[in-house]
$ cat coords.txt   # compact mmCIF, C-alpha atoms
# COMPACT_ATOMS: atom_id res chain seq x y z
CA MET U 23 -145.62 -154.59 -2.60
CA ASP U 24 -147.64 -155.12 -5.80
CA ILE U 25 -147.50 -152.01 -8.00
CA VAL U 26 -150.36 -151.41 -10.40
CA ASP U 27 -149.50 -151.09 -14.08
CA TYR U 28 -149.39 -147.73 -15.82
CA VAL U 29 -152.75 -148.14 -17.60
CA SER U 30 -154.58 -148.80 -14.29
CA PHE U 31 -152.74 -145.93 -12.63
CA LYS U 32 -153.71 -143.61 -15.47
CA GLU U 33 -157.40 -144.40 -14.93
CA VAL U 34 -157.09 -143.42 -11.26
CA PHE U 35 -155.20 -140.29 -12.25
CA CYS U 36 -158.06 -139.34 -14.58
CA SER U 37 -160.53 -139.73 -11.71
CA ILE U 38 -158.47 -137.42 -9.50
CA MET U 39 -158.08 -134.78 -12.22
CA GLY U 40 -161.75 -134.78 -13.17
CA ILE U 41 -161.28 -136.34 -16.58
CA LYS U 42 -164.56 -138.16 -17.07
CA SER U 43 -163.24 -140.96 -19.25
CA SER U 44 -159.84 -142.27 -20.23
CA PRO U 45 -158.84 -141.93 -23.89
CA ASN U 46 -159.57 -144.80 -26.22
CA ASN U 47 -155.87 -145.39 -26.69
CA ALA U 48 -153.94 -145.87 -23.46
CA SER U 49 -151.04 -143.82 -24.84
CA ASP U 50 -153.15 -140.81 -25.85
CA ASP U 51 -152.63 -137.44 -24.25
CA LEU U 52 -155.17 -136.20 -21.67
CA THR U 53 -157.16 -132.97 -21.70
CA CYS U 54 -158.10 -131.28 -18.40
CA HIS U 55 -160.61 -128.45 -17.99
CA PHE U 56 -160.31 -126.36 -14.84
CA ASN U 57 -162.32 -123.59 -13.22
CA LEU U 58 -160.09 -120.77 -12.00
CA SER U 59 -160.26 -119.12 -8.59
CA TYR U 60 -158.93 -115.74 -7.47
CA ARG U 61 -158.19 -115.40 -3.78
CA ILE U 62 -159.30 -112.19 -2.08
CA GLU U 63 -156.73 -110.86 0.38
CA GLU U 64 -157.34 -112.04 3.98
CA GLU U 65 -160.34 -114.18 3.01
CA PHE U 66 -160.20 -117.94 3.47
CA ASP U 67 -162.59 -119.02 0.73
CA PRO U 68 -161.56 -118.36 -2.88
CA GLU U 69 -163.77 -116.50 -5.28
CA ILE U 70 -164.71 -118.72 -8.21
CA SER U 71 -164.54 -117.01 -11.59
CA ASP U 72 -166.35 -117.82 -14.83
CA PHE U 73 -163.04 -118.43 -16.55
CA GLU U 74 -161.82 -121.87 -17.50
CA LYS U 75 -158.42 -123.16 -18.39
CA THR U 76 -157.54 -126.16 -20.52
CA ILE U 77 -154.31 -128.06 -19.96
CA ILE U 78 -153.01 -130.87 -22.14
CA ILE U 79 -151.16 -133.66 -20.33
CA ASN U 80 -148.60 -135.32 -22.52
CA ASP U 81 -148.69 -139.09 -22.06
CA ASP U 82 -144.90 -139.38 -22.22
CA ASP U 83 -144.58 -136.85 -19.38
CA LEU U 84 -147.16 -138.66 -17.27
CA LYS U 85 -145.51 -142.02 -17.90
CA HIS U 86 -142.14 -140.52 -16.96
CA GLU U 87 -143.52 -139.34 -13.60
CA TYR U 88 -145.12 -142.76 -13.03
CA ASP U 89 -141.78 -144.50 -13.72
CA LYS U 90 -140.00 -142.16 -11.29
CA ALA U 91 -142.53 -143.07 -8.59
CA VAL U 92 -142.18 -146.80 -9.22
CA GLU U 93 -138.42 -146.45 -8.78
CA ALA U 94 -138.69 -144.16 -5.75
CA ILE U 95 -141.17 -146.28 -3.81
CA GLY U 96 -138.38 -148.73 -2.95
CA ASP U 97 -136.78 -145.95 -0.85
CA PHE U 98 -139.93 -145.41 1.25
CA HIS U 99 -140.24 -146.39 4.90
CA GLY U 100 -143.93 -145.99 5.62
CA MET U 101 -144.72 -142.43 4.51
CA GLU U 102 -141.10 -141.28 4.73
CA TRP U 103 -139.08 -141.03 1.52
CA PHE U 104 -135.30 -141.30 1.85
CA SER U 105 -133.50 -140.70 -1.43
CA ASN U 106 -129.80 -140.65 -2.35
CA GLY U 107 -128.83 -140.89 1.31
CA LYS U 108 -129.27 -137.16 1.82
CA ASN U 109 -132.85 -136.21 0.90
CA TYR U 110 -136.01 -136.66 2.96
CA GLU U 111 -139.71 -136.02 2.36
CA CYS U 112 -142.63 -136.76 4.69
CA MET U 113 -146.28 -135.73 4.74
CA VAL U 114 -147.24 -133.17 7.38
CA ASP U 115 -150.60 -132.31 8.91
CA ILE U 116 -151.36 -128.80 10.14
CA SER U 117 -154.83 -129.56 11.48
CA GLY U 118 -156.64 -130.17 8.23
CA LEU U 119 -155.38 -127.16 6.27
CA TYR U 120 -154.64 -128.24 2.71
CA ALA U 121 -152.11 -126.91 0.25
CA THR U 122 -154.75 -124.87 -1.59
CA HIS U 123 -155.58 -123.08 1.67
CA PHE U 124 -152.01 -122.61 2.80
CA THR U 125 -150.11 -120.23 0.55
CA ASP U 126 -147.22 -119.41 2.88
CA GLN U 127 -144.49 -121.89 2.06
CA ILE U 128 -141.64 -122.09 4.53
CA SER U 129 -138.02 -122.39 3.43
CA CYS U 130 -135.06 -122.17 5.76
CA LYS U 131 -131.62 -123.61 6.50
CA SER U 132 -129.95 -125.16 9.51
CA VAL U 133 -127.62 -123.09 11.69
CA ASN U 134 -124.48 -124.34 9.94
CA ALA U 135 -126.23 -124.32 6.52
CA ASP U 136 -125.63 -128.03 5.91
CA ALA U 137 -129.38 -128.74 5.55
CA GLU U 138 -132.21 -127.00 3.74
CA PHE U 139 -135.84 -127.31 4.84
CA ARG U 140 -138.93 -126.66 2.79
CA MET U 141 -142.53 -127.12 3.91
CA GLY U 142 -145.31 -126.74 1.38
CA PRO U 143 -147.11 -128.72 -1.33
CA ALA U 144 -145.60 -132.19 -1.73
CA SER U 145 -143.65 -133.23 -4.81
CA VAL U 146 -145.43 -135.01 -7.67
CA THR U 147 -143.25 -138.09 -7.18
CA TYR U 148 -144.14 -138.27 -3.49
CA ILE U 149 -147.88 -137.98 -4.18
CA PHE U 150 -147.68 -140.59 -6.96
CA CYS U 151 -146.02 -142.98 -4.48
CA ILE U 152 -148.77 -142.37 -1.92
CA ILE U 153 -151.40 -143.16 -4.54
CA LEU U 154 -149.56 -146.37 -5.49
CA MET U 155 -149.58 -147.39 -1.81
CA LEU U 156 -153.29 -146.64 -1.51
CA LEU U 157 -154.03 -148.73 -4.59
CA ASN U 158 -152.00 -151.56 -3.10
CA GLU U 159 -154.10 -151.26 0.08
CA GLY U 160 -157.30 -151.55 -1.94
CA CYS U 161 -158.46 -148.00 -1.18
CA PHE U 162 -159.72 -147.41 -4.74
CA ASP U 163 -163.02 -149.11 -5.48
CA GLY U 164 -164.28 -148.86 -9.03
CA ASN U 165 -164.11 -145.13 -9.63
CA THR U 166 -163.68 -143.64 -6.19
CA PHE U 167 -161.47 -143.77 -3.10
CA ARG U 168 -162.71 -145.43 0.08
CA GLY U 169 -161.63 -144.20 3.51
CA ARG U 170 -162.38 -141.45 5.99
CA ASN U 171 -159.16 -139.51 6.35
CA PRO U 172 -159.11 -135.96 4.91
CA PHE U 173 -157.05 -136.86 1.84
CA LEU U 174 -159.31 -139.75 0.80
CA ARG U 175 -162.45 -137.72 1.52
CA ARG U 176 -161.05 -134.97 -0.66
CA LEU U 177 -160.38 -137.34 -3.57
CA ARG U 178 -163.78 -138.97 -3.11
CA SER U 179 -165.56 -135.61 -3.26
CA HIS U 180 -163.72 -134.90 -6.52
CA SER U 181 -165.12 -138.08 -8.06
CA THR U 182 -168.70 -136.90 -7.43
CA THR U 183 -168.33 -133.34 -8.74
CA GLY U 184 -167.81 -131.81 -12.14
CA GLY U 185 -164.78 -129.74 -13.06
CA ARG U 186 -161.90 -129.07 -10.72
CA THR U 187 -161.21 -125.60 -9.34
CA VAL U 188 -157.60 -124.46 -9.16
CA SER U 189 -155.78 -121.19 -8.55
CA HIS U 190 -155.67 -118.80 -11.46
CA ASN U 191 -151.86 -118.93 -11.54
CA VAL U 192 -151.65 -122.68 -12.20
CA ASP U 193 -149.72 -123.06 -15.43
CA ASP U 194 -149.19 -126.81 -15.94
CA TRP U 195 -150.69 -130.17 -14.98
CA THR U 196 -148.15 -130.89 -12.22
CA SER U 197 -148.99 -127.74 -10.26
CA ALA U 198 -152.71 -128.39 -10.81
CA PHE U 199 -152.34 -132.01 -9.62
CA VAL U 200 -150.44 -130.97 -6.49
CA GLU U 201 -153.09 -128.38 -5.65
CA ILE U 202 -156.02 -130.75 -6.26
CA THR U 203 -154.60 -133.54 -4.08
CA GLY U 204 -153.69 -131.02 -1.38
CA ILE U 205 -150.88 -132.90 0.38
CA LEU U 206 -148.36 -130.88 2.38
CA SER U 207 -144.92 -132.26 3.03
CA LEU U 208 -141.64 -131.40 4.70
CA ARG U 209 -138.60 -131.79 2.44
CA ILE U 210 -135.06 -131.83 3.72
CA THR U 211 -131.93 -131.68 1.55
CA THR U 212 -128.56 -132.17 3.24
CA LYS U 213 -124.95 -131.87 2.17
CA GLY U 214 -123.37 -135.29 2.25
CA PHE U 215 -124.68 -138.69 3.26
CA ARG U 216 -127.04 -138.97 6.23
CA LYS U 217 -128.53 -142.01 7.93
CA ALA U 218 -132.32 -142.32 8.11
CA LYS U 219 -132.21 -141.71 11.87
CA GLN U 220 -130.31 -138.45 11.37
CA LEU U 221 -132.80 -137.21 8.77
CA ARG U 222 -135.68 -138.03 11.12
CA GLU U 223 -133.94 -136.06 13.87
CA ARG U 224 -133.69 -133.08 11.49
CA ALA U 225 -137.40 -133.39 10.74
CA THR U 226 -138.25 -133.39 14.46
CA SER U 227 -136.08 -130.29 14.95
CA PHE U 228 -138.04 -128.46 12.25
CA GLN U 229 -141.33 -129.69 13.75
CA PHE U 230 -140.53 -128.30 17.19
CA LYS U 231 -139.22 -125.00 15.80
CA TYR U 232 -142.37 -124.57 13.72
CA ILE U 233 -144.71 -125.26 16.64
CA SER U 234 -142.85 -123.03 19.11
CA CYS U 235 -142.40 -120.09 16.72
CA LEU U 236 -145.80 -120.05 15.01
CA ASP U 237 -147.93 -121.50 17.83
CA ARG U 238 -149.49 -123.89 15.33
CA PRO U 239 -149.64 -127.69 15.42
CA LEU U 240 -147.49 -129.61 12.97
CA ARG U 241 -147.59 -133.38 12.80
CA LEU U 242 -145.35 -135.67 10.76
CA ILE U 243 -147.36 -138.54 9.21
CA SER U 244 -144.63 -141.17 9.05
CA SER U 245 -146.58 -144.43 8.67
CA LEU U 246 -149.25 -145.54 6.23
CA ASP U 247 -151.38 -147.00 9.02
CA GLU U 248 -151.32 -143.66 10.82
CA PHE U 249 -152.24 -141.92 7.57
CA LEU U 250 -155.18 -144.22 6.83
CA GLU U 251 -156.52 -143.83 10.38
CA LYS U 252 -155.92 -140.09 10.60
CA GLY U 253 -159.58 -139.06 10.52
CA SER U 254 -161.36 -138.03 13.70
CA TYR U 255 -162.19 -141.04 15.83
CA GLY U 256 -165.21 -139.41 17.41
CA ARG U 257 -167.10 -141.34 20.03
CA LEU U 258 -167.71 -145.06 19.94
CA SER U 259 -171.33 -145.66 19.04
CA VAL U 260 -173.46 -146.82 21.95
CA ALA U 261 -177.13 -147.82 22.05
CA LYS U 262 -179.34 -145.04 23.42
CA LEU U 263 -181.60 -145.66 26.40
CA GLU U 264 -185.01 -144.11 27.06
CA ILE U 265 -185.17 -141.47 29.80
CA ASP U 266 -188.18 -142.95 31.58
CA CYS U 267 -187.77 -141.05 34.86
CA VAL U 268 -185.31 -138.91 36.79
CA PRO U 269 -184.15 -140.36 40.13
CA ASP U 270 -184.73 -138.41 43.35
CA VAL U 271 -181.06 -138.37 44.19
CA LYS U 272 -178.25 -135.84 44.33
CA PHE U 273 -175.12 -136.30 42.20
CA ASP U 274 -171.85 -134.42 42.68
CA ASP U 275 -171.78 -131.76 39.96
CA SER U 276 -167.96 -131.80 39.68
CA ALA U 277 -167.92 -135.51 38.88
CA VAL U 278 -170.82 -135.07 36.45
CA ASN U 279 -169.02 -132.22 34.67
CA HIS U 280 -165.89 -134.34 34.24
CA PHE U 281 -168.10 -137.09 32.87
CA CYS U 282 -169.77 -134.60 30.51
CA LEU U 283 -166.36 -133.47 29.22
CA GLY U 284 -165.50 -137.08 28.42
CA VAL U 285 -168.73 -137.61 26.49
CA SER U 286 -168.38 -134.34 24.55
CA SER U 287 -164.70 -134.73 23.61
CA ARG U 288 -163.51 -136.29 20.36
CA SER U 289 -159.99 -136.87 21.65
CA PRO U 290 -159.37 -140.36 23.11
CA TYR U 291 -156.76 -138.85 25.45
CA LEU U 292 -159.16 -136.28 26.88
CA GLN U 293 -162.03 -138.77 26.96
CA PHE U 294 -160.09 -141.28 29.05
CA LEU U 295 -158.74 -138.72 31.50
CA SER U 296 -162.14 -137.05 31.91
CA PHE U 297 -163.85 -140.33 32.80
CA TYR U 298 -160.95 -141.23 35.10
CA HIS U 299 -161.28 -137.85 36.87
CA SER U 300 -164.97 -138.65 37.43
CA ILE U 301 -163.83 -141.70 39.39
CA GLU U 302 -160.91 -139.91 41.03
CA PHE U 303 -163.31 -137.36 42.51
CA TYR U 304 -164.38 -140.03 45.00
CA PHE U 305 -160.90 -141.18 46.04
CA ASN U 306 -160.91 -139.17 49.29
CA SER U 307 -164.20 -140.66 50.40
CA ALA U 308 -162.89 -144.07 49.39
CA TYR U 309 -159.82 -143.48 51.57
CA ARG U 310 -162.00 -142.59 54.56
CA LYS U 311 -164.19 -145.63 54.06
CA MET U 312 -161.16 -147.90 53.63
CA THR U 313 -159.56 -146.62 56.82
CA THR U 314 -162.68 -146.80 58.95
CA GLU U 315 -163.53 -150.20 57.51
CA LEU U 316 -160.05 -151.42 58.41
CA LEU U 317 -160.56 -150.29 62.00
CA ARG U 318 -164.09 -151.72 62.16
CA ASN U 319 -162.97 -155.11 60.85
CA GLU U 320 -160.13 -155.28 63.36
CA LEU U 321 -162.41 -154.38 66.28
CA GLN U 322 -165.06 -156.91 65.18
CA SER U 323 -162.59 -159.69 64.49
CA VAL U 324 -162.90 -162.84 66.60
CA GLU U 325 -159.15 -162.53 67.21
CA PHE U 326 -159.50 -159.06 68.70
CA ALA U 327 -157.97 -158.72 72.15
CA TYR U 328 -157.34 -155.79 74.51
CA ASN U 329 -153.70 -156.73 75.07
CA ASP U 330 -151.06 -154.21 74.14
CA GLN U 331 -149.60 -156.29 71.32
CA HIS U 332 -152.87 -156.61 69.39
CA LEU U 333 -153.87 -152.99 69.97
CA TYR U 334 -150.46 -151.84 68.76
CA SER U 335 -150.79 -153.92 65.58
CA ILE U 336 -154.07 -152.12 64.81
CA VAL U 337 -152.44 -148.73 65.46
CA SER U 338 -149.53 -149.71 63.15
CA LYS U 339 -151.91 -150.56 60.32
CA LEU U 340 -153.74 -147.27 60.72
CA GLU U 341 -150.47 -145.32 60.94
CA LYS U 342 -149.31 -146.87 57.69
CA GLU U 343 -152.43 -145.66 55.90
CA ILE U 344 -152.45 -142.23 57.54
CA SER U 345 -148.72 -141.54 57.12
CA HIS U 346 -148.89 -142.42 53.44
CA LYS U 347 -151.66 -139.88 52.92
CA SER U 348 -149.91 -137.25 55.08
CA GLU U 349 -146.67 -137.53 53.11
CA LEU U 350 -148.15 -137.58 49.62
CA GLY U 351 -151.40 -135.71 50.16
CA PHE U 352 -153.41 -138.68 48.98
CA GLY U 353 -153.85 -142.34 49.69
CA ASN U 354 -152.78 -145.32 47.65
CA GLU U 355 -154.49 -144.44 44.38
CA LYS U 356 -154.57 -147.93 42.97
CA ARG U 357 -156.07 -149.32 46.18
CA GLU U 358 -158.65 -146.53 46.30
CA LEU U 359 -159.60 -147.26 42.71
CA GLU U 360 -159.89 -150.96 43.48
CA TYR U 361 -161.98 -150.20 46.57
CA LEU U 362 -164.38 -148.09 44.51
CA VAL U 363 -164.71 -150.84 41.90
CA GLU U 364 -165.34 -153.44 44.62
CA SER U 365 -167.88 -151.35 46.47
CA CYS U 366 -169.64 -149.54 43.61
CA VAL U 367 -169.45 -151.73 40.51
CA HIS U 368 -171.83 -154.63 40.02
CA VAL U 369 -169.92 -156.79 37.53
CA PRO U 370 -172.93 -158.32 35.68
CA ARG U 371 -174.39 -154.82 35.25
CA LEU U 372 -171.01 -153.53 34.05
CA MET U 373 -170.80 -156.31 31.44
CA LYS U 374 -174.33 -155.46 30.30
CA SER U 375 -173.30 -151.81 29.88
CA LEU U 376 -170.29 -152.85 27.82
CA ARG U 377 -172.64 -154.73 25.49
CA ARG U 378 -174.59 -151.53 24.74
CA TYR U 379 -171.92 -150.69 22.19
CA ARG U 380 -171.99 -152.06 18.66
CA PHE U 381 -169.17 -154.30 19.77
CA ASP U 382 -169.20 -156.45 22.93
CA TRP U 383 -166.30 -154.89 24.79
CA SER U 384 -166.50 -157.38 27.65
CA VAL U 385 -165.22 -160.02 25.19
CA TRP U 386 -162.43 -157.71 24.03
CA TYR U 387 -161.15 -157.03 27.56
CA SER U 388 -161.13 -160.74 28.38
CA SER U 389 -158.91 -161.64 25.44
CA ASN U 390 -156.82 -158.55 24.57
CA GLY U 391 -154.22 -156.54 26.43
CA VAL U 392 -153.24 -152.93 25.82
CA GLU U 393 -150.95 -152.17 22.89
CA PHE U 394 -148.90 -149.50 24.65
CA GLU U 395 -148.90 -151.00 28.17
CA SER U 396 -147.93 -154.67 28.34
CA ASP U 397 -148.50 -154.84 32.13
CA ALA U 398 -152.22 -154.01 31.82
CA PRO U 399 -154.04 -157.31 32.50
CA VAL U 400 -156.79 -158.98 30.52
CA ILE U 401 -159.97 -159.27 32.57
CA ASP U 402 -161.22 -162.68 33.62
CA TRP U 403 -164.85 -161.90 34.40
CA GLU U 404 -165.19 -165.13 36.39
CA SER U 405 -162.19 -164.42 38.61
CA ASP U 406 -162.62 -163.86 42.36
CA ASN U 407 -160.31 -160.87 41.83
CA VAL U 408 -162.22 -159.36 38.93
CA ALA U 409 -162.44 -155.97 40.69
CA GLY U 410 -158.65 -155.96 41.05
CA LEU U 411 -158.20 -156.79 37.37
CA ILE U 412 -160.58 -154.03 36.28
CA ALA U 413 -158.89 -151.47 38.55
CA SER U 414 -155.40 -152.58 37.49
CA ARG U 415 -156.16 -152.28 33.78
CA ILE U 416 -157.64 -148.79 34.17
CA TYR U 417 -154.81 -147.67 36.46
CA LYS U 418 -152.04 -149.02 34.18
CA VAL U 419 -153.53 -147.21 31.18
CA ARG U 420 -153.87 -144.04 33.24
CA ASN U 421 -150.21 -144.18 34.26
CA ALA U 422 -149.06 -144.85 30.69
CA ILE U 423 -150.76 -141.72 29.35
CA VAL U 424 -150.14 -139.42 32.35
CA HIS U 425 -146.49 -140.23 33.09
CA SER U 426 -144.41 -139.46 30.02
CA LYS U 427 -140.97 -140.18 31.47
CA LYS U 428 -138.70 -141.86 28.94
CA GLN U 429 -138.81 -145.62 29.15
CA THR U 430 -138.12 -148.64 27.00
CA PHE U 431 -141.58 -150.20 27.23
CA GLY U 432 -145.09 -149.09 28.16
CA ALA U 433 -144.93 -145.63 26.61
CA PHE U 434 -148.05 -143.98 25.20
CA ILE U 435 -147.31 -141.99 22.03
CA PRO U 436 -149.96 -139.40 21.04
CA PHE U 437 -151.59 -139.97 17.64
CA LYS U 438 -149.79 -143.29 17.14
CA HIS U 439 -151.68 -144.96 19.99
CA ASP U 440 -154.93 -142.98 19.81
CA ARG U 441 -156.85 -145.91 18.36
CA ALA U 442 -155.51 -148.33 20.97
CA LEU U 443 -156.44 -145.85 23.72
CA SER U 444 -159.96 -145.48 22.31
CA TYR U 445 -160.48 -149.21 22.97
CA GLU U 446 -160.06 -148.55 26.72
CA ILE U 447 -162.69 -145.82 26.89
CA PRO U 448 -165.84 -148.02 27.18
CA LEU U 449 -164.40 -149.69 30.30
CA VAL U 450 -163.43 -146.51 32.16
CA LYS U 451 -166.65 -144.78 31.07
CA CYS U 452 -168.92 -147.58 32.30
CA VAL U 453 -167.01 -147.83 35.60
CA ALA U 454 -167.31 -144.05 36.03
CA GLU U 455 -171.08 -144.29 35.51
CA GLU U 456 -171.37 -146.95 38.20
CA VAL U 457 -169.17 -145.03 40.66
CA ILE U 458 -171.08 -141.75 40.22
CA ASP U 459 -174.43 -143.52 40.49
CA ASN U 460 -173.48 -145.43 43.63
CA ASN U 461 -172.11 -142.35 45.39
CA SER U 462 -175.32 -140.38 44.98
CA SER U 463 -177.40 -139.33 47.97
CA ARG U 464 -181.15 -139.08 48.25
CA VAL U 465 -182.61 -135.59 47.86
$ encode --input "coords.txt" --output "structure tokens"
Amino acid sequence: MDIVDYVSFKEVFCSIMGIKSSPNNASDDLTCHFNLSYRIEEEFDPEISDFEKTIIINDDDLKHEYDKAVEAIGDFHGMEWFSNGKNYECMVDISGLYATHFTDQISCKSVNADAEFRMGPASVTYIFCIILMLLNEGCFDGNTFRGRNPFLRRLRSHSTTGGRTVSHNVDDWTSAFVEITGILSLRITTKGFRKAKQLRERATSFQFKYISCLDRPLRLISSLDEFLEKGSYGRLSVAKLEIDCVPDVKFDDSAVNHFCLGVSSRSPYLQFLSFYHSIEFYFNSAYRKMTTELLRNELQSVEFAYNDQHLYSIVSKLEKEISHKSELGFGNEKRELEYLVESCVHVPRLMKSLRRYRFDWSVWYSSNGVEFESDAPVIDWESDNVAGLIASRIYKVRNAIVHSKKQTFGAFIPFKHDRALSYEIPLVKCVAEEVIDNNSSRV
């Protein structure tokens, strides 16, 4: 990792703190002017006062903190900081609430008192290391930070405004800096040496205890990639079509409502499942059609004969289908999905729908698998079995996100795999559209 020199870092620091220009001499002290805020009890937004506060930042102190960060960054694994074999610090996300809006710091100990936990504003050294990583990733462009996650948006908004507003009880530049950047972290201090795995296990224990006791989400941001992609994914942009006329057909409102939920959601997990449920709504009718079609094909076959042996073979095939549904309450889900794709999806039209997005997803599915499910096939659009490939990919992804049983491979991990899951949404959405449309009935 290439670490920027102190002079370059100091310029970025000035941007964050609202210092309009760096001093002429790189070793000069810095002067910060802050607006003060006084929080009214039980109100979320602070009341801004007319008072200002000036804080002098000694260059030697700032350089000392920079040197500490340069030394500490070698002990980082992603966004996790392991120091001295017994200390741990990692950024946490509590659904977008920043340090300046979260005054209740949590401190507690383990049952046997061999570990201390503290959740609250991150340490200056930790934040300095994060900034060094961001600079190495090229996230600072000229005089502002580029990126869409909450932290970068926060720093970017600072670069376009005047003075910084901090709490009235801020008494030095370090507390002001921590409040302005707004990063929360979990810090763990243990007695004696601990392996990284053991410290992570302690962090997960705190995470679960926090969620179960306070009924609030708490997420550990352990990798830089996860941090940089942490903003809301929203919906993939798709070209709008003109509503030229409304067809004289009847659609099933339950399937349409599932489809609506998928379009309205900003969670890739909920989007995928909602579109899948739109398709799943027709599985029973697909089962009936499959079974009757099986019987019809057998009766119309040129090999059909009224002898006992042939009739019994037909009965056996039907029994196999019927018994499976009787035992489980449903048919073979993968086969029903494949049947719907075969009977309802016109492949050229599906590919055209996939090209309505800013990106041609038909090309993506023909050359890329699924990050969290290695068995999901790529789709050869020229294959005679293209319906089977489409159904298999959708079904494999569905299983990976629905069945969370512990396994070595093919496990979907929330947040970590959200982006990879979002890549599968255009396919399941476009298939759902085709299935709903082709199961309509004339009014």
$ closest_residue --input "coords.txt" --among "U:Arg371, U:His439, U:Lys451, U:Lys356" --to "U:Glu395" --atoms "all atoms listed in the file"
U:His439
$ residues_near_point --input "coords.txt" --point "(-159.0, -153.8, 30.8)" --cutoff "12 Å" --atoms "all atoms listed in the file" --output "PyMOL selection string"
chain U and resi 376+383-393+395-403+408-420+442-453
$ closest_residue --input "coords.txt" --among "U:Gly142, U:Gly107, U:Phe297, U:Lys231" --to "U:Lys217" --atoms "all atoms listed in the file"
U:Gly107
$ closest_residue --input "coords.txt" --among "U:Leu362, U:Val192, U:Val271, U:Asp247" --to "U:Gly169" --atoms "all atoms listed in the file"
U:Asp247
$ atom_distance --input "coords.txt" --atom1 "atom CA of U:Met113" --atom2 "atom CA of U:Arg186"
23.0 Å
$ closest_residue --input "coords.txt" --among "U:Phe150, U:Ser323, U:Arg224, U:Phe281" --to "U:Val133" --atoms "all atoms listed in the file"
U:Arg224
$ atom_distance --input "coords.txt" --atom1 "atom CA of U:Glu74" --atom2 "atom CA of U:Asn191"
12.0 Å
$ closest_residue --input "coords.txt" --among "U:Gly100, U:Gly204, U:Pro436, U:Pro370" --to "U:Ser145" --atoms "all atoms listed in the file"
U:Gly204
$ atom_distance --input "coords.txt" --atom1 "atom CA of U:Thr76" --atom2 "atom CA of U:Phe199"
13.4 Å
$ residues_around --input "coords.txt" --residues "U:Ile95" --least-positions-apart "2" --cutoff "12 Å" --atoms "only C-alpha atoms" --output "list in words"
Met23, Asp24, Ile25, Tyr88, Asp89, Lys90, Ala91, Val92, Glu93, Asp97, Phe98, His99, Gly100, Met101, Glu102, Trp103, Phe104, Ser105, Thr147, Tyr148, Ile149, Phe150, Cys151, Ile152, Ile153, Leu154 and Met155 of chain U
$ write_last_selection --input "coords.txt" --atoms "C-alpha atoms" --output "CSV table (one decimal), keeping the file's coordinate frame"
chain,number,residue,atom,x,y,z
U,23,MET,CA,-145.6,-154.6,-2.6
U,24,ASP,CA,-147.6,-155.1,-5.8
U,25,ILE,CA,-147.5,-152.0,-8.0
U,88,TYR,CA,-145.1,-142.8,-13.0
U,89,ASP,CA,-141.8,-144.5,-13.7
U,90,LYS,CA,-140.0,-142.2,-11.3
U,91,ALA,CA,-142.5,-143.1,-8.6
U,92,VAL,CA,-142.2,-146.8,-9.2
U,93,GLU,CA,-138.4,-146.4,-8.8
U,97,ASP,CA,-136.8,-146.0,-0.8
U,98,PHE,CA,-139.9,-145.4,1.2
U,99,HIS,CA,-140.2,-146.4,4.9
U,100,GLY,CA,-143.9,-146.0,5.6
U,101,MET,CA,-144.7,-142.4,4.5
U,102,GLU,CA,-141.1,-141.3,4.7
U,103,TRP,CA,-139.1,-141.0,1.5
U,104,PHE,CA,-135.3,-141.3,1.8
U,105,SER,CA,-133.5,-140.7,-1.4
U,147,THR,CA,-143.2,-138.1,-7.2
U,148,TYR,CA,-144.1,-138.3,-3.5
U,149,ILE,CA,-147.9,-138.0,-4.2
U,150,PHE,CA,-147.7,-140.6,-7.0
U,151,CYS,CA,-146.0,-143.0,-4.5
U,152,ILE,CA,-148.8,-142.4,-1.9
U,153,ILE,CA,-151.4,-143.2,-4.5
U,154,LEU,CA,-149.6,-146.4,-5.5
U,155,MET,CA,-149.6,-147.4,-1.8
$ residues_near_point --input "coords.txt" --point "(-164.6, -135.9, 28.0)" --cutoff "10 Å" --atoms "only C-alpha atoms" --output "PyMOL selection string"
chain U and resi 257+279-300+451
$ closest_residue --input "coords.txt" --among "U:Tyr110, U:Phe230, U:Phe31, U:Tyr379" --to "U:Lys262" --atoms "only C-alpha atoms"
U:Tyr379
